[in-house]
file work.cif (mmCIF, C-alpha atoms)
data_input
#
loop_
_atom_site.group_PDB
_atom_site.id
_atom_site.type_symbol
_atom_site.label_atom_id
_atom_site.label_comp_id
_atom_site.auth_asym_id
_atom_site.auth_seq_id
_atom_site.Cartn_x
_atom_site.Cartn_y
_atom_site.Cartn_z
ATOM 1 C CA MET A 9 -66.831 -83.104 26.321
ATOM 2 C CA THR A 10 -66.846 -85.537 23.429
ATOM 3 C CA THR A 11 -66.703 -89.259 23.974
ATOM 4 C CA PRO A 12 -63.736 -91.140 22.448
ATOM 5 C CA SER A 13 -64.488 -92.360 18.961
ATOM 6 C CA LEU A 14 -64.218 -96.026 18.012
ATOM 7 C CA ALA A 15 -62.543 -96.843 14.724
ATOM 8 C CA LYS A 16 -64.723 -98.701 12.271
ATOM 9 C CA ASN A 17 -64.315 -102.507 12.369
ATOM 10 C CA ASN A 18 -61.652 -102.512 15.097
ATOM 11 C CA GLY A 19 -63.295 -101.224 18.309
ATOM 12 C CA ILE A 20 -60.143 -99.421 19.466
ATOM 13 C CA THR A 21 -60.518 -96.209 21.417
ATOM 14 C CA ASN A 22 -58.900 -93.145 19.771
ATOM 15 C CA PHE A 23 -57.559 -95.213 16.905
ATOM 16 C CA ASN A 24 -55.538 -93.173 14.409
ATOM 17 C CA PRO A 25 -55.117 -95.047 11.076
ATOM 18 C CA ALA A 26 -52.288 -92.761 9.890
ATOM 19 C CA LEU A 27 -50.232 -93.280 13.049
ATOM 20 C CA ALA A 28 -50.909 -97.006 13.004
ATOM 21 C CA HIS A 29 -49.740 -97.261 9.388
ATOM 22 C CA LYS A 30 -46.583 -95.278 10.154
ATOM 23 C CA ARG A 31 -45.765 -97.504 13.120
ATOM 24 C CA LYS A 32 -46.435 -100.633 11.062
ATOM 25 C CA GLU A 33 -43.998 -99.524 8.362
ATOM 26 C CA LYS A 34 -41.382 -98.659 10.992
ATOM 27 C CA ASP A 35 -41.618 -102.087 12.664
ATOM 28 C CA VAL A 36 -41.450 -103.960 9.358
ATOM 29 C CA MET A 37 -38.409 -101.945 8.275
ATOM 30 C CA LYS A 38 -36.733 -102.650 11.607
ATOM 31 C CA LEU A 39 -37.317 -106.364 11.073
ATOM 32 C CA LEU A 40 -36.007 -106.238 7.492
ATOM 33 C CA MET A 41 -32.816 -104.560 8.735
ATOM 34 C CA SER A 42 -32.282 -107.189 11.437
ATOM 35 C CA ASP A 43 -30.340 -110.456 11.091
ATOM 36 C CA TYR A 44 -33.543 -112.426 10.484
ATOM 37 C CA LYS A 45 -34.307 -113.703 7.007
ATOM 38 C CA VAL A 46 -37.641 -112.164 5.971
ATOM 39 C CA THR A 47 -39.633 -113.068 2.850
ATOM 40 C CA GLN A 48 -42.515 -110.714 2.126
ATOM 41 C CA SER A 49 -45.586 -111.610 0.095
ATOM 42 C CA LYS A 50 -45.676 -109.997 -3.343
ATOM 43 C CA ASP A 51 -49.308 -109.036 -2.787
ATOM 44 C CA ASN A 52 -49.078 -107.807 0.804
ATOM 45 C CA PRO A 53 -45.912 -106.366 2.462
ATOM 46 C CA TYR A 54 -47.487 -107.040 5.854
ATOM 47 C CA ASP A 55 -47.748 -110.760 5.163
ATOM 48 C CA PHE A 56 -44.348 -112.418 5.462
ATOM 49 C CA ILE A 57 -42.295 -115.449 6.473
ATOM 50 C CA ILE A 58 -39.446 -115.226 8.997
ATOM 51 C CA GLU A 59 -36.804 -117.891 9.570
ATOM 52 C CA PHE A 60 -36.624 -118.565 13.298
ATOM 53 C CA MET A 61 -33.978 -120.748 14.921
ATOM 54 C CA GLY A 62 -34.616 -122.783 18.052
ATOM 55 C CA PRO A 63 -33.030 -121.163 21.125
ATOM 56 C CA LYS A 64 -29.796 -122.535 22.538
ATOM 57 C CA SER A 65 -30.013 -124.885 25.517
ATOM 58 C CA SER A 66 -33.510 -125.940 24.489
ATOM 59 C CA PHE A 67 -34.791 -129.183 22.966
ATOM 60 C CA TYR A 68 -35.383 -127.139 19.801
ATOM 61 C CA GLU A 69 -31.755 -126.096 19.330
ATOM 62 C CA GLY A 70 -30.550 -126.890 15.795
ATOM 63 C CA GLY A 71 -33.981 -126.453 14.230
ATOM 64 C CA THR A 72 -35.059 -123.720 11.831
ATOM 65 C CA TRP A 73 -38.734 -122.852 11.463
ATOM 66 C CA GLU A 74 -40.622 -120.702 8.995
ATOM 67 C CA VAL A 75 -42.927 -118.481 11.049
ATOM 68 C CA HIS A 76 -45.826 -116.947 9.135
ATOM 69 C CA VAL A 77 -46.725 -113.427 10.280
ATOM 70 C CA ILE A 78 -49.688 -111.306 9.186
ATOM 71 C CA LEU A 79 -50.141 -107.776 10.526
ATOM 72 C CA PRO A 80 -53.765 -106.622 10.869
ATOM 73 C CA ASP A 81 -54.837 -103.149 9.724
ATOM 74 C CA SER A 82 -55.021 -102.039 13.354
ATOM 75 C CA TYR A 83 -51.465 -103.126 14.269
ATOM 76 C CA PRO A 84 -49.846 -102.276 16.699
ATOM 77 C CA TYR A 85 -53.094 -101.930 18.668
ATOM 78 C CA ARG A 86 -54.006 -105.459 17.643
ATOM 79 C CA SER A 87 -51.489 -108.296 17.816
ATOM 80 C CA PRO A 88 -50.052 -109.939 14.688
ATOM 81 C CA SER A 89 -51.187 -113.377 13.565
ATOM 82 C CA ILE A 90 -48.385 -115.882 14.228
ATOM 83 C CA GLY A 91 -48.037 -119.500 13.077
ATOM 84 C CA PHE A 92 -45.362 -122.124 12.402
ATOM 85 C CA ASN A 93 -45.284 -123.329 8.790
ATOM 86 C CA ASN A 94 -43.235 -126.456 9.408
ATOM 87 C CA LYS A 95 -44.247 -128.861 12.168
ATOM 88 C CA ILE A 96 -43.122 -128.374 15.736
ATOM 89 C CA TYR A 97 -43.928 -130.567 18.732
ATOM 90 C CA HIS A 98 -44.852 -128.289 21.612
ATOM 91 C CA PRO A 99 -47.696 -128.208 24.175
ATOM 92 C CA ASN A 100 -48.669 -124.649 23.191
ATOM 93 C CA VAL A 101 -48.522 -125.023 19.405
ATOM 94 C CA ASP A 102 -51.181 -126.792 17.358
ATOM 95 C CA GLU A 103 -49.280 -129.421 15.388
ATOM 96 C CA ALA A 104 -51.674 -129.408 12.441
ATOM 97 C CA SER A 105 -52.204 -125.670 11.917
ATOM 98 C CA GLY A 106 -49.066 -124.252 13.568
ATOM 99 C CA SER A 107 -51.120 -121.711 15.535
ATOM 100 C CA VAL A 108 -49.585 -120.512 18.793
ATOM 101 C CA CYS A 109 -51.107 -120.236 22.263
ATOM 102 C CA LEU A 110 -49.088 -117.400 23.775
ATOM 103 C CA ASP A 111 -50.759 -115.014 26.209
ATOM 104 C CA VAL A 112 -48.599 -112.022 25.308
ATOM 105 C CA ILE A 113 -49.772 -112.315 21.690
ATOM 106 C CA ASN A 114 -53.329 -113.523 22.153
ATOM 107 C CA GLN A 115 -54.568 -111.543 25.198
ATOM 108 C CA ALA A 116 -51.861 -109.340 26.713
ATOM 109 C CA TRP A 117 -50.551 -107.678 23.552
ATOM 110 C CA SER A 118 -49.609 -104.009 23.903
ATOM 111 C CA PRO A 119 -48.576 -101.330 21.363
ATOM 112 C CA MET A 120 -45.385 -101.105 23.428
ATOM 113 C CA PHE A 121 -44.289 -104.394 21.844
ATOM 114 C CA ASP A 122 -42.931 -104.688 18.322
ATOM 115 C CA LEU A 123 -42.100 -107.500 15.895
ATOM 116 C CA ILE A 124 -38.510 -107.858 17.103
ATOM 117 C CA ASN A 125 -39.813 -108.615 20.621
ATOM 118 C CA ILE A 126 -41.690 -111.614 19.245
ATOM 119 C CA PHE A 127 -38.605 -113.256 17.776
ATOM 120 C CA GLU A 128 -36.014 -112.183 20.321
ATOM 121 C CA THR A 129 -38.062 -112.720 23.479
ATOM 122 C CA PHE A 130 -41.584 -114.160 23.217
ATOM 123 C CA LEU A 131 -41.022 -117.172 20.939
ATOM 124 C CA PRO A 132 -37.682 -118.158 22.555
ATOM 125 C CA GLN A 133 -39.385 -118.099 25.968
ATOM 126 C CA LEU A 134 -42.250 -120.170 24.595
ATOM 127 C CA LEU A 135 -39.837 -122.887 23.420
ATOM 128 C CA LEU A 136 -37.688 -122.738 26.548
ATOM 129 C CA TYR A 137 -40.603 -122.757 29.016
ATOM 130 C CA PRO A 138 -43.666 -124.622 27.675
ATOM 131 C CA ASN A 139 -46.927 -124.324 29.616
ATOM 132 C CA PRO A 140 -48.649 -127.738 29.658
ATOM 133 C CA ALA A 141 -51.502 -126.294 31.757
ATOM 134 C CA ASP A 142 -52.846 -124.381 28.727
ATOM 135 C CA PRO A 143 -52.232 -126.715 25.778
ATOM 136 C CA LEU A 144 -53.035 -126.544 22.081
ATOM 137 C CA ASN A 145 -51.414 -129.970 21.738
ATOM 138 C CA PRO A 146 -52.856 -132.054 24.615
ATOM 139 C CA GLU A 147 -50.748 -135.080 23.657
ATOM 140 C CA ALA A 148 -47.507 -133.121 23.954
ATOM 141 C CA ALA A 149 -48.660 -131.575 27.246
ATOM 142 C CA ALA A 150 -49.525 -134.959 28.767
ATOM 143 C CA LEU A 151 -46.260 -136.510 27.585
ATOM 144 C CA MET A 152 -44.270 -133.590 29.012
ATOM 145 C CA LEU A 153 -45.891 -134.022 32.429
ATOM 146 C CA LYS A 154 -45.964 -137.824 32.634
ATOM 147 C CA GLU A 155 -42.919 -138.959 30.625
ATOM 148 C CA PRO A 156 -40.467 -136.058 30.180
ATOM 149 C CA LYS A 157 -37.757 -138.226 28.624
ATOM 150 C CA LYS A 158 -40.134 -139.464 25.917
ATOM 151 C CA TYR A 159 -41.337 -135.899 25.432
ATOM 152 C CA GLU A 160 -37.781 -134.677 24.863
ATOM 153 C CA GLN A 161 -37.166 -137.542 22.421
ATOM 154 C CA LYS A 162 -40.291 -136.720 20.424
ATOM 155 C CA VAL A 163 -39.427 -133.004 20.289
ATOM 156 C CA ARG A 164 -35.949 -133.792 18.977
ATOM 157 C CA GLU A 165 -37.362 -136.266 16.424
ATOM 158 C CA HIS A 166 -39.645 -133.525 15.088
ATOM 159 C CA VAL A 167 -36.700 -131.131 14.904
ATOM 160 C CA ARG A 168 -34.670 -133.615 12.847
ATOM 161 C CA LYS A 169 -37.593 -134.540 10.616
ATOM 162 C CA TYR A 170 -39.221 -131.169 9.990
ATOM 163 C CA ALA A 171 -36.854 -128.371 11.056
ATOM 164 C CA ALA A 172 -33.230 -129.424 10.416
ATOM 165 C CA ILE A 173 -33.208 -127.285 7.255
ATOM 166 C CA GLU A 174 -30.064 -125.319 7.948
ATOM 167 C CA ILE A 175 -27.979 -128.370 8.828
ATOM 168 C CA SER A 176 -28.895 -130.504 5.802
ATOM 169 C CA ASN A 177 -28.835 -127.724 3.230
ATOM 170 C CA GLY A 178 -25.748 -126.144 4.751
ATOM 171 C CA GLY A 179 -23.798 -129.400 4.587
ATOM 172 C CA LYS A 180 -24.647 -129.943 0.916
ATOM 173 C CA LYS A 181 -23.835 -126.339 0.139
ATOM 174 C CA MET A 182 -20.403 -126.578 1.797
ATOM 175 C CA GLU A 183 -19.590 -129.775 -0.089
ATOM 176 C CA LYS A 184 -20.620 -128.230 -3.414
ATOM 177 C CA GLU A 185 -18.579 -125.079 -2.707
ATOM 178 C CA PHE A 186 -15.540 -127.228 -1.865
ATOM 179 C CA GLU A 187 -15.877 -129.144 -5.148
ATOM 180 C CA GLU A 188 -16.203 -125.887 -7.110
ATOM 181 C CA GLU A 189 -13.134 -124.411 -5.385
ATOM 182 C CA THR A 190 -11.131 -127.564 -6.173
ATOM 183 C CA GLU A 191 -12.090 -127.416 -9.851
ATOM 184 C CA MET A 192 -11.037 -123.767 -9.983
ATOM 185 C CA GLU A 193 -7.674 -124.612 -8.357
ATOM 186 C CA ILE A 194 -7.015 -127.291 -10.960
ATOM 187 C CA GLU A 195 -7.919 -124.941 -13.800
ATOM 188 C CA ASP A 196 -5.602 -122.271 -12.351
ATOM 189 C CA GLU A 197 -2.721 -124.741 -12.072
ATOM 190 C CA ILE A 198 -3.182 -125.781 -15.695
ATOM 191 C CA ASP A 199 -3.116 -122.129 -16.728
ATOM 192 C CA ASP A 200 0.128 -121.707 -14.756
ATOM 193 C CA GLY A 201 1.791 -124.510 -16.727
ATOM 194 C CA MET A 202 1.401 -127.413 -14.311
ATOM 195 C CA SER A 203 2.024 -130.829 -15.882
ATOM 196 C CA PHE A 204 -0.799 -133.310 -16.500
ATOM 197 C CA SER A 205 0.604 -135.780 -13.939
ATOM 198 C CA GLU A 206 0.737 -133.068 -11.278
ATOM 199 C CA VAL A 207 -2.839 -132.065 -12.069
ATOM 200 C CA SER A 208 -3.980 -135.696 -11.745
ATOM 201 C CA GLU A 209 -2.238 -135.986 -8.396
ATOM 202 C CA LEU A 210 -3.998 -132.833 -7.143
ATOM 203 C CA SER A 211 -7.342 -134.179 -8.315
ATOM 204 C CA GLU A 212 -6.829 -137.523 -6.557
ATOM 205 C CA THR A 213 -5.852 -135.747 -3.331
ATOM 206 C CA SER A 214 -9.018 -133.629 -3.532
ATOM 207 C CA ASP A 215 -11.190 -136.724 -4.070
ATOM 208 C CA ILE A 216 -9.711 -138.339 -0.960
ATOM 209 C CA ALA A 217 -10.435 -135.197 1.067
ATOM 210 C CA LEU A 218 -14.046 -135.200 -0.117
ATOM 211 C CA MET A 219 -14.477 -138.867 0.813
ATOM 212 C CA GLU A 220 -13.116 -138.177 4.292
#

call {"tool": "encode", "arguments": {"input": "work.cif", "output": "C-alpha coordinates"}}
result
Amino acid sequence: MTTPSLAKNNGITNFNPALAHKRKEKDVMKLLMSDYKVTQSKDNPYDFIIEFMGPKSSFYEGGTWEVHVILPDSYPYRSPSIGFNNKIYHPNVDEASGSVCLDVINQAWSPMFDLINIFETFLPQLLLYPNPADPLNPEAAALMLKEPKKYEQKVREHVRKYAAIEISNGGKKMEKEFEEETEMEIEDEIDDGMSFSEVSELSETSDIALME
(Lines of atoms letter the chains of each structure in order from A and count residues from 1; the text may use other names and numbers.)
(Lines give C-alpha, C1' and ligand atoms only; values in the text may rest on other atoms or scores of the structure.)
Protein backbone atom coordinates (compact mmCIF):
# COMPACT_ATOMS: atom_id res chain seq x y z
CA MET A 1 0.00 0.00 0.00
CA THR A 2 1.46 3.32 -1.06
CA THR A 3 1.30 6.35 1.17
CA PRO A 4 -0.54 9.42 -0.17
CA SER A 5 1.77 11.75 -2.03
CA LEU A 6 2.17 15.40 -1.05
CA ALA A 7 2.21 17.94 -3.84
CA LYS A 8 5.37 20.00 -4.05
CA ASN A 9 5.18 23.36 -2.23
CA ASN A 10 1.58 22.93 -1.05
CA GLY A 11 1.52 20.02 1.43
CA ILE A 12 -1.92 18.82 0.29
CA THR A 13 -2.65 15.12 0.36
CA ASN A 14 -3.53 13.60 -3.05
CA PHE A 15 -3.31 16.96 -4.76
CA ASN A 16 -4.10 16.80 -8.48
CA PRO A 17 -2.86 19.94 -10.32
CA ALA A 18 -4.98 19.23 -13.43
CA LEU A 19 -8.21 18.90 -11.43
CA ALA A 20 -7.37 21.96 -9.37
CA HIS A 21 -6.76 24.02 -12.51
CA LYS A 22 -10.04 22.84 -14.05
CA ARG A 23 -11.97 23.73 -10.91
CA LYS A 24 -10.27 27.12 -10.72
CA GLU A 25 -11.28 27.96 -14.29
CA LYS A 26 -14.85 26.81 -13.61
CA ASP A 27 -15.19 29.01 -10.50
CA VAL A 28 -13.74 32.07 -12.23
CA MET A 29 -16.08 31.61 -15.19
CA LYS A 30 -19.04 31.26 -12.83
CA LEU A 31 -18.06 34.54 -11.19
CA LEU A 32 -17.62 36.30 -14.55
CA MET A 33 -21.12 35.19 -15.57
CA SER A 34 -22.66 36.47 -12.33
CA ASP A 35 -24.04 39.96 -11.69
CA TYR A 36 -20.80 41.06 -10.01
CA LYS A 37 -18.48 43.42 -11.83
CA VAL A 38 -15.13 41.63 -12.20
CA THR A 39 -11.90 43.19 -13.47
CA GLN A 40 -9.14 40.68 -14.16
CA SER A 41 -5.44 41.48 -14.19
CA LYS A 42 -3.90 41.51 -17.66
CA ASP A 43 -0.97 39.47 -16.38
CA ASN A 44 -2.87 36.95 -14.25
CA PRO A 45 -6.52 35.86 -14.82
CA TYR A 46 -6.61 34.58 -11.24
CA ASP A 47 -5.85 38.02 -9.84
CA PHE A 48 -8.91 40.25 -10.02
CA ILE A 49 -11.02 43.00 -8.46
CA ILE A 50 -14.71 42.51 -7.63
CA GLU A 51 -17.16 45.29 -6.82
CA PHE A 52 -18.97 44.35 -3.62
CA MET A 53 -21.93 46.27 -2.22
CA GLY A 54 -22.65 46.53 1.49
CA PRO A 55 -25.55 44.26 2.52
CA LYS A 56 -28.98 45.73 3.13
CA SER A 57 -30.00 46.44 6.72
CA SER A 58 -26.36 46.84 7.72
CA PHE A 59 -24.34 49.95 8.60
CA TYR A 60 -22.50 49.36 5.31
CA GLU A 61 -25.58 49.63 3.10
CA GLY A 62 -25.02 52.14 0.27
CA GLY A 63 -21.28 51.49 0.08
CA THR A 64 -19.40 49.85 -2.78
CA TRP A 65 -16.01 48.26 -2.15
CA GLU A 66 -13.34 46.93 -4.48
CA VAL A 67 -12.34 43.52 -3.12
CA HIS A 68 -8.99 42.22 -4.33
CA VAL A 69 -8.91 38.45 -4.86
CA ILE A 70 -5.90 36.27 -5.69
CA LEU A 71 -6.31 32.53 -6.23
CA PRO A 72 -3.30 30.41 -5.21
CA ASP A 73 -2.03 27.59 -7.45
CA SER A 74 -3.57 25.05 -5.08
CA TYR A 75 -7.09 26.57 -5.12
CA PRO A 76 -9.67 25.24 -4.22
CA TYR A 77 -7.69 23.23 -1.66
CA ARG A 78 -6.21 26.47 -0.38
CA SER A 79 -8.36 29.54 0.25
CA PRO A 80 -8.14 32.67 -1.91
CA SER A 81 -6.42 35.81 -0.67
CA ILE A 82 -9.07 38.45 0.07
CA GLY A 83 -8.65 42.16 0.84
CA PHE A 84 -10.57 45.44 0.64
CA ASN A 85 -8.94 48.03 -1.63
CA ASN A 86 -10.86 51.03 -0.33
CA LYS A 87 -11.07 51.67 3.41
CA ILE A 88 -13.71 50.05 5.56
CA TYR A 89 -14.21 50.46 9.30
CA HIS A 90 -14.82 47.02 10.77
CA PRO A 91 -13.45 45.10 13.78
CA ASN A 92 -12.34 42.18 11.59
CA VAL A 93 -10.75 44.14 8.75
CA ASP A 94 -7.35 45.82 8.99
CA GLU A 95 -8.00 49.44 8.06
CA ALA A 96 -4.54 50.02 6.61
CA SER A 97 -4.05 46.86 4.53
CA GLY A 98 -7.67 45.79 3.97
CA SER A 99 -6.88 42.21 5.01
CA VAL A 100 -9.79 40.21 6.41
CA CYS A 101 -10.01 38.09 9.56
CA LEU A 102 -12.66 35.55 8.60
CA ASP A 103 -12.40 32.00 9.93
CA VAL A 104 -14.10 30.38 6.94
CA ILE A 105 -11.40 31.84 4.67
CA ASN A 106 -8.37 31.73 6.94
CA GLN A 107 -8.76 28.39 8.80
CA ALA A 108 -11.98 26.58 7.91
CA TRP A 109 -11.82 26.83 4.11
CA SER A 110 -13.03 23.76 2.22
CA PRO A 111 -12.96 22.80 -1.49
CA MET A 112 -16.75 22.59 -1.15
CA PHE A 113 -16.82 26.41 -1.15
CA ASP A 114 -16.42 28.51 -4.27
CA LEU A 115 -15.90 32.20 -5.09
CA ILE A 116 -19.63 32.97 -5.27
CA ASN A 117 -20.01 31.78 -1.65
CA ILE A 118 -17.54 34.45 -0.55
CA PHE A 119 -19.53 37.33 -2.02
CA GLU A 120 -23.05 36.03 -1.50
CA THR A 121 -22.62 34.60 2.00
CA PHE A 122 -19.28 35.01 3.80
CA LEU A 123 -18.58 38.73 3.30
CA PRO A 124 -22.22 39.80 3.85
CA GLN A 125 -22.25 37.85 7.12
CA LEU A 126 -18.95 39.44 8.12
CA LEU A 127 -20.42 42.94 7.67
CA LEU A 128 -23.75 42.07 9.27
CA TYR A 129 -22.26 40.26 12.28
CA PRO A 130 -18.82 41.61 13.28
CA ASN A 131 -16.81 39.65 15.85
CA PRO A 132 -15.10 42.12 18.21
CA ALA A 133 -13.59 39.22 20.18
CA ASP A 134 -11.13 38.48 17.34
CA PRO A 135 -10.21 41.91 15.96
CA LEU A 136 -7.84 43.10 13.26
CA ASN A 137 -8.93 46.65 14.10
CA PRO A 138 -8.82 46.85 17.93
CA GLU A 139 -10.09 50.44 17.92
CA ALA A 140 -13.23 49.50 15.99
CA ALA A 141 -13.78 46.46 18.23
CA ALA A 142 -13.49 48.51 21.43
CA LEU A 143 -15.78 51.23 20.08
CA MET A 144 -18.36 48.64 19.02
CA LEU A 145 -18.44 47.14 22.51
CA LYS A 146 -18.24 50.32 24.59
CA GLU A 147 -19.98 52.97 22.47
CA PRO A 148 -22.13 51.31 19.77
CA LYS A 149 -23.72 54.58 18.64
CA LYS A 150 -20.31 56.15 18.00
CA TYR A 151 -19.23 52.95 16.28
CA GLU A 152 -22.21 53.09 13.92
CA GLN A 153 -21.49 56.77 13.21
CA LYS A 154 -17.85 56.05 12.37
CA VAL A 155 -18.78 53.13 10.10
CA ARG A 156 -21.24 55.31 8.19
CA GLU A 157 -18.69 58.14 7.93
CA HIS A 158 -16.21 55.72 6.35
CA VAL A 159 -18.89 54.52 3.93
CA ARG A 160 -19.63 58.09 2.81
CA LYS A 161 -15.96 59.04 2.58
CA TYR A 162 -14.43 55.95 1.01
CA ALA A 163 -17.18 53.72 -0.41
CA ALA A 164 -20.06 55.88 -1.72
CA ILE A 165 -18.78 55.37 -5.28
CA GLU A 166 -22.00 54.22 -6.86
CA ILE A 167 -24.08 57.06 -5.41
CA SER A 168 -21.78 59.93 -6.39
CA ASN A 169 -20.83 58.63 -9.82
CA GLY A 170 -24.36 57.45 -10.54
CA GLY A 171 -25.83 60.87 -9.76
CA LYS A 172 -23.39 62.66 -12.06
CA LYS A 173 -23.97 60.09 -14.77
CA MET A 174 -27.76 60.52 -14.60
CA GLU A 175 -27.45 64.31 -14.79
CA LYS A 176 -25.12 64.09 -17.79
CA GLU A 177 -27.44 61.62 -19.55
CA PHE A 178 -30.40 63.95 -18.93
CA GLU A 179 -28.51 66.90 -20.44
CA GLU A 180 -27.53 64.82 -23.48
CA GLU A 181 -31.13 63.65 -23.98
CA THR A 182 -32.37 67.25 -23.76
CA GLU A 183 -29.87 68.42 -26.38
CA MET A 184 -30.96 65.60 -28.68
CA GLU A 185 -34.64 66.55 -28.21
CA ILE A 186 -33.89 70.15 -29.17
CA GLU A 187 -31.95 69.07 -32.24
CA ASP A 188 -34.82 66.77 -33.28
CA GLU A 189 -37.37 69.57 -32.88
CA ILE A 190 -35.26 71.88 -35.04
CA ASP A 191 -35.07 69.17 -37.70
CA ASP A 192 -38.87 68.85 -37.54
CA GLY A 193 -39.30 72.56 -38.31
CA MET A 194 -39.87 73.94 -34.82
CA SER A 195 -39.52 77.73 -34.58
CA PHE A 196 -36.58 79.38 -32.80
CA SER A 197 -38.84 80.81 -30.07
CA GLU A 198 -40.32 77.38 -29.37
CA VAL A 199 -36.84 75.88 -29.19
CA SER A 200 -35.75 78.57 -26.71
CA GLU A 201 -38.80 77.88 -24.57
CA LEU A 202 -37.98 74.15 -24.51
CA SER A 203 -34.39 74.90 -23.54
CA GLU A 204 -35.45 77.19 -20.68
CA THR A 205 -37.88 74.56 -19.38
CA SER A 206 -35.09 71.95 -19.44
CA ASP A 207 -32.73 74.27 -17.53
CA ILE A 208 -35.36 74.75 -14.82
CA ALA A 209 -35.81 70.98 -14.52
CA LEU A 210 -32.06 70.51 -14.13
CA MET A 211 -31.88 73.17 -11.42
CA GLU A 212 -34.70 71.48 -9.52

call {"tool": "residues_around", "arguments": {"input": "work.cif", "residues": "segment 64-72 of chain A", "least_positions_apart": "2", "cutoff": "10 Å", "atoms": "only C-alpha atoms", "output": "number ranges by chain"}}
result
A: 58-62, 74-75, 94, 96-98, 132-133, 135-137, 159-175

call {"tool": "closest_residue", "arguments": {"input": "work.cif", "among": "A:Ala141, A:Leu39, A:Val77, A:Ala149", "to": "Ile113 of chain A", "atoms": "all atoms listed in the file"}}
result
A:Val77

call {"tool": "atom_distance", "arguments": {"input": "work.cif", "atom1": "atom CA of Tyr85 of chain A", "atom2": "atom CA of Phe130 of chain A"}}
result
17.4 Å

call {"tool": "residues_around", "arguments": {"input": "work.cif", "residues": "segment 51-57 of chain A", "least_positions_apart": "3", "cutoff": "8 Å", "atoms": "all atoms listed in the file", "output": "VMD selection string"}}
result
chain A and resid 36 46 to 48 74 to 79

call {"tool": "write_last_selection", "arguments": {"input": "work.cif", "atoms": "C-alpha atoms", "output": "PDB file, keeping the file's coordinate frame"}}
result
ATOM      1  CA  VAL A  36     -41.450-103.960   9.358  1.00  0.00           C
ATOM      2  CA  VAL A  46     -37.641-112.164   5.971  1.00  0.00           C
ATOM      3  CA  THR A  47     -39.633-113.068   2.850  1.00  0.00           C
ATOM      4  CA  GLN A  48     -42.515-110.714   2.126  1.00  0.00           C
ATOM      5  CA  GLU A  74     -40.622-120.702   8.995  1.00  0.00           C
ATOM      6  CA  VAL A  75     -42.927-118.481  11.049  1.00  0.00           C
ATOM      7  CA  HIS A  76     -45.826-116.947   9.135  1.00  0.00           C
ATOM      8  CA  VAL A  77     -46.725-113.427  10.280  1.00  0.00           C
ATOM      9  CA  ILE A  78     -49.688-111.306   9.186  1.00  0.00           C
ATOM     10  CA  LEU A  79     -50.141-107.776  10.526  1.00  0.00           C
TER      11      LEU A  79
END

call {"tool": "closest_residue", "arguments": {"input": "work.cif", "among": "A:Asn24, A:Ser118, A:Ser105, A:Asn145", "to": "Asp81 of chain A", "atoms": "only C-alpha atoms"}}
result
A:Asn24

call {"tool": "residues_around", "arguments": {"input": "work.cif", "residues": "segment 28-35 of chain A", "least_positions_apart": "3", "cutoff": "12 Å", "atoms": "all atoms listed in the file", "output": "VMD selection string"}}
result
chain A and resid 15 20 22 to 25 38 to 42 53 to 55 78 to 88 119 to 126

call {"tool": "write_last_selection", "arguments": {"input": "work.cif", "atoms": "C-alpha atoms", "output": "CSV table (one decimal), in the coordinates of the input"}}
result
chain,number,residue,atom,x,y,z
A,15,ALA,CA,-62.5,-96.8,14.7
A,20,ILE,CA,-60.1,-99.4,19.5
A,22,ASN,CA,-58.9,-93.1,19.8
A,23,PHE,CA,-57.6,-95.2,16.9
A,24,ASN,CA,-55.5,-93.2,14.4
A,25,PRO,CA,-55.1,-95.0,11.1
A,38,LYS,CA,-36.7,-102.6,11.6
A,39,LEU,CA,-37.3,-106.4,11.1
A,40,LEU,CA,-36.0,-106.2,7.5
A,41,MET,CA,-32.8,-104.6,8.7
A,42,SER,CA,-32.3,-107.2,11.4
A,53,PRO,CA,-45.9,-106.4,2.5
A,54,TYR,CA,-47.5,-107.0,5.9
A,55,ASP,CA,-47.7,-110.8,5.2
A,78,ILE,CA,-49.7,-111.3,9.2
A,79,LEU,CA,-50.1,-107.8,10.5
A,80,PRO,CA,-53.8,-106.6,10.9
A,81,ASP,CA,-54.8,-103.1,9.7
A,82,SER,CA,-55.0,-102.0,13.4
A,83,TYR,CA,-51.5,-103.1,14.3
A,84,PRO,CA,-49.8,-102.3,16.7
A,85,TYR,CA,-53.1,-101.9,18.7
A,86,ARG,CA,-54.0,-105.5,17.6
A,87,SER,CA,-51.5,-108.3,17.8
A,88,PRO,CA,-50.1,-109.9,14.7
A,119,PRO,CA,-48.6,-101.3,21.4
A,120,MET,CA,-45.4,-101.1,23.4
A,121,PHE,CA,-44.3,-104.4,21.8
A,122,ASP,CA,-42.9,-104.7,18.3
A,123,LEU,CA,-42.1,-107.5,15.9
A,124,ILE,CA,-38.5,-107.9,17.1
A,125,ASN,CA,-39.8,-108.6,20.6
A,126,ILE,CA,-41.7,-111.6,19.2

call {"tool": "axis_aligned_box", "arguments": {"input": "work.cif", "around": "segment 151-163 of chain A", "padding_each_side": "6 Å", "output": "AutoDock Vina command-line options"}}
result
--center_x -41.7 --center_y -136.2 --center_z 26.5 --size_x 21.1 --size_y 18.5 --size_z 24.3

call {"tool": "atom_distance", "arguments": {"input": "work.cif", "atom1": "atom CA of Pro156 of chain A", "atom2": "atom CA of Val112 of chain A"}}
result
25.8 Å

call {"tool": "closest_residue", "arguments": {"input": "work.cif", "among": "A:Pro146, A:Ser89, A:Thr129, A:Gln115", "to": "Glu103 of chain A", "atoms": "all atoms listed in the file"}}
result
A:Pro146
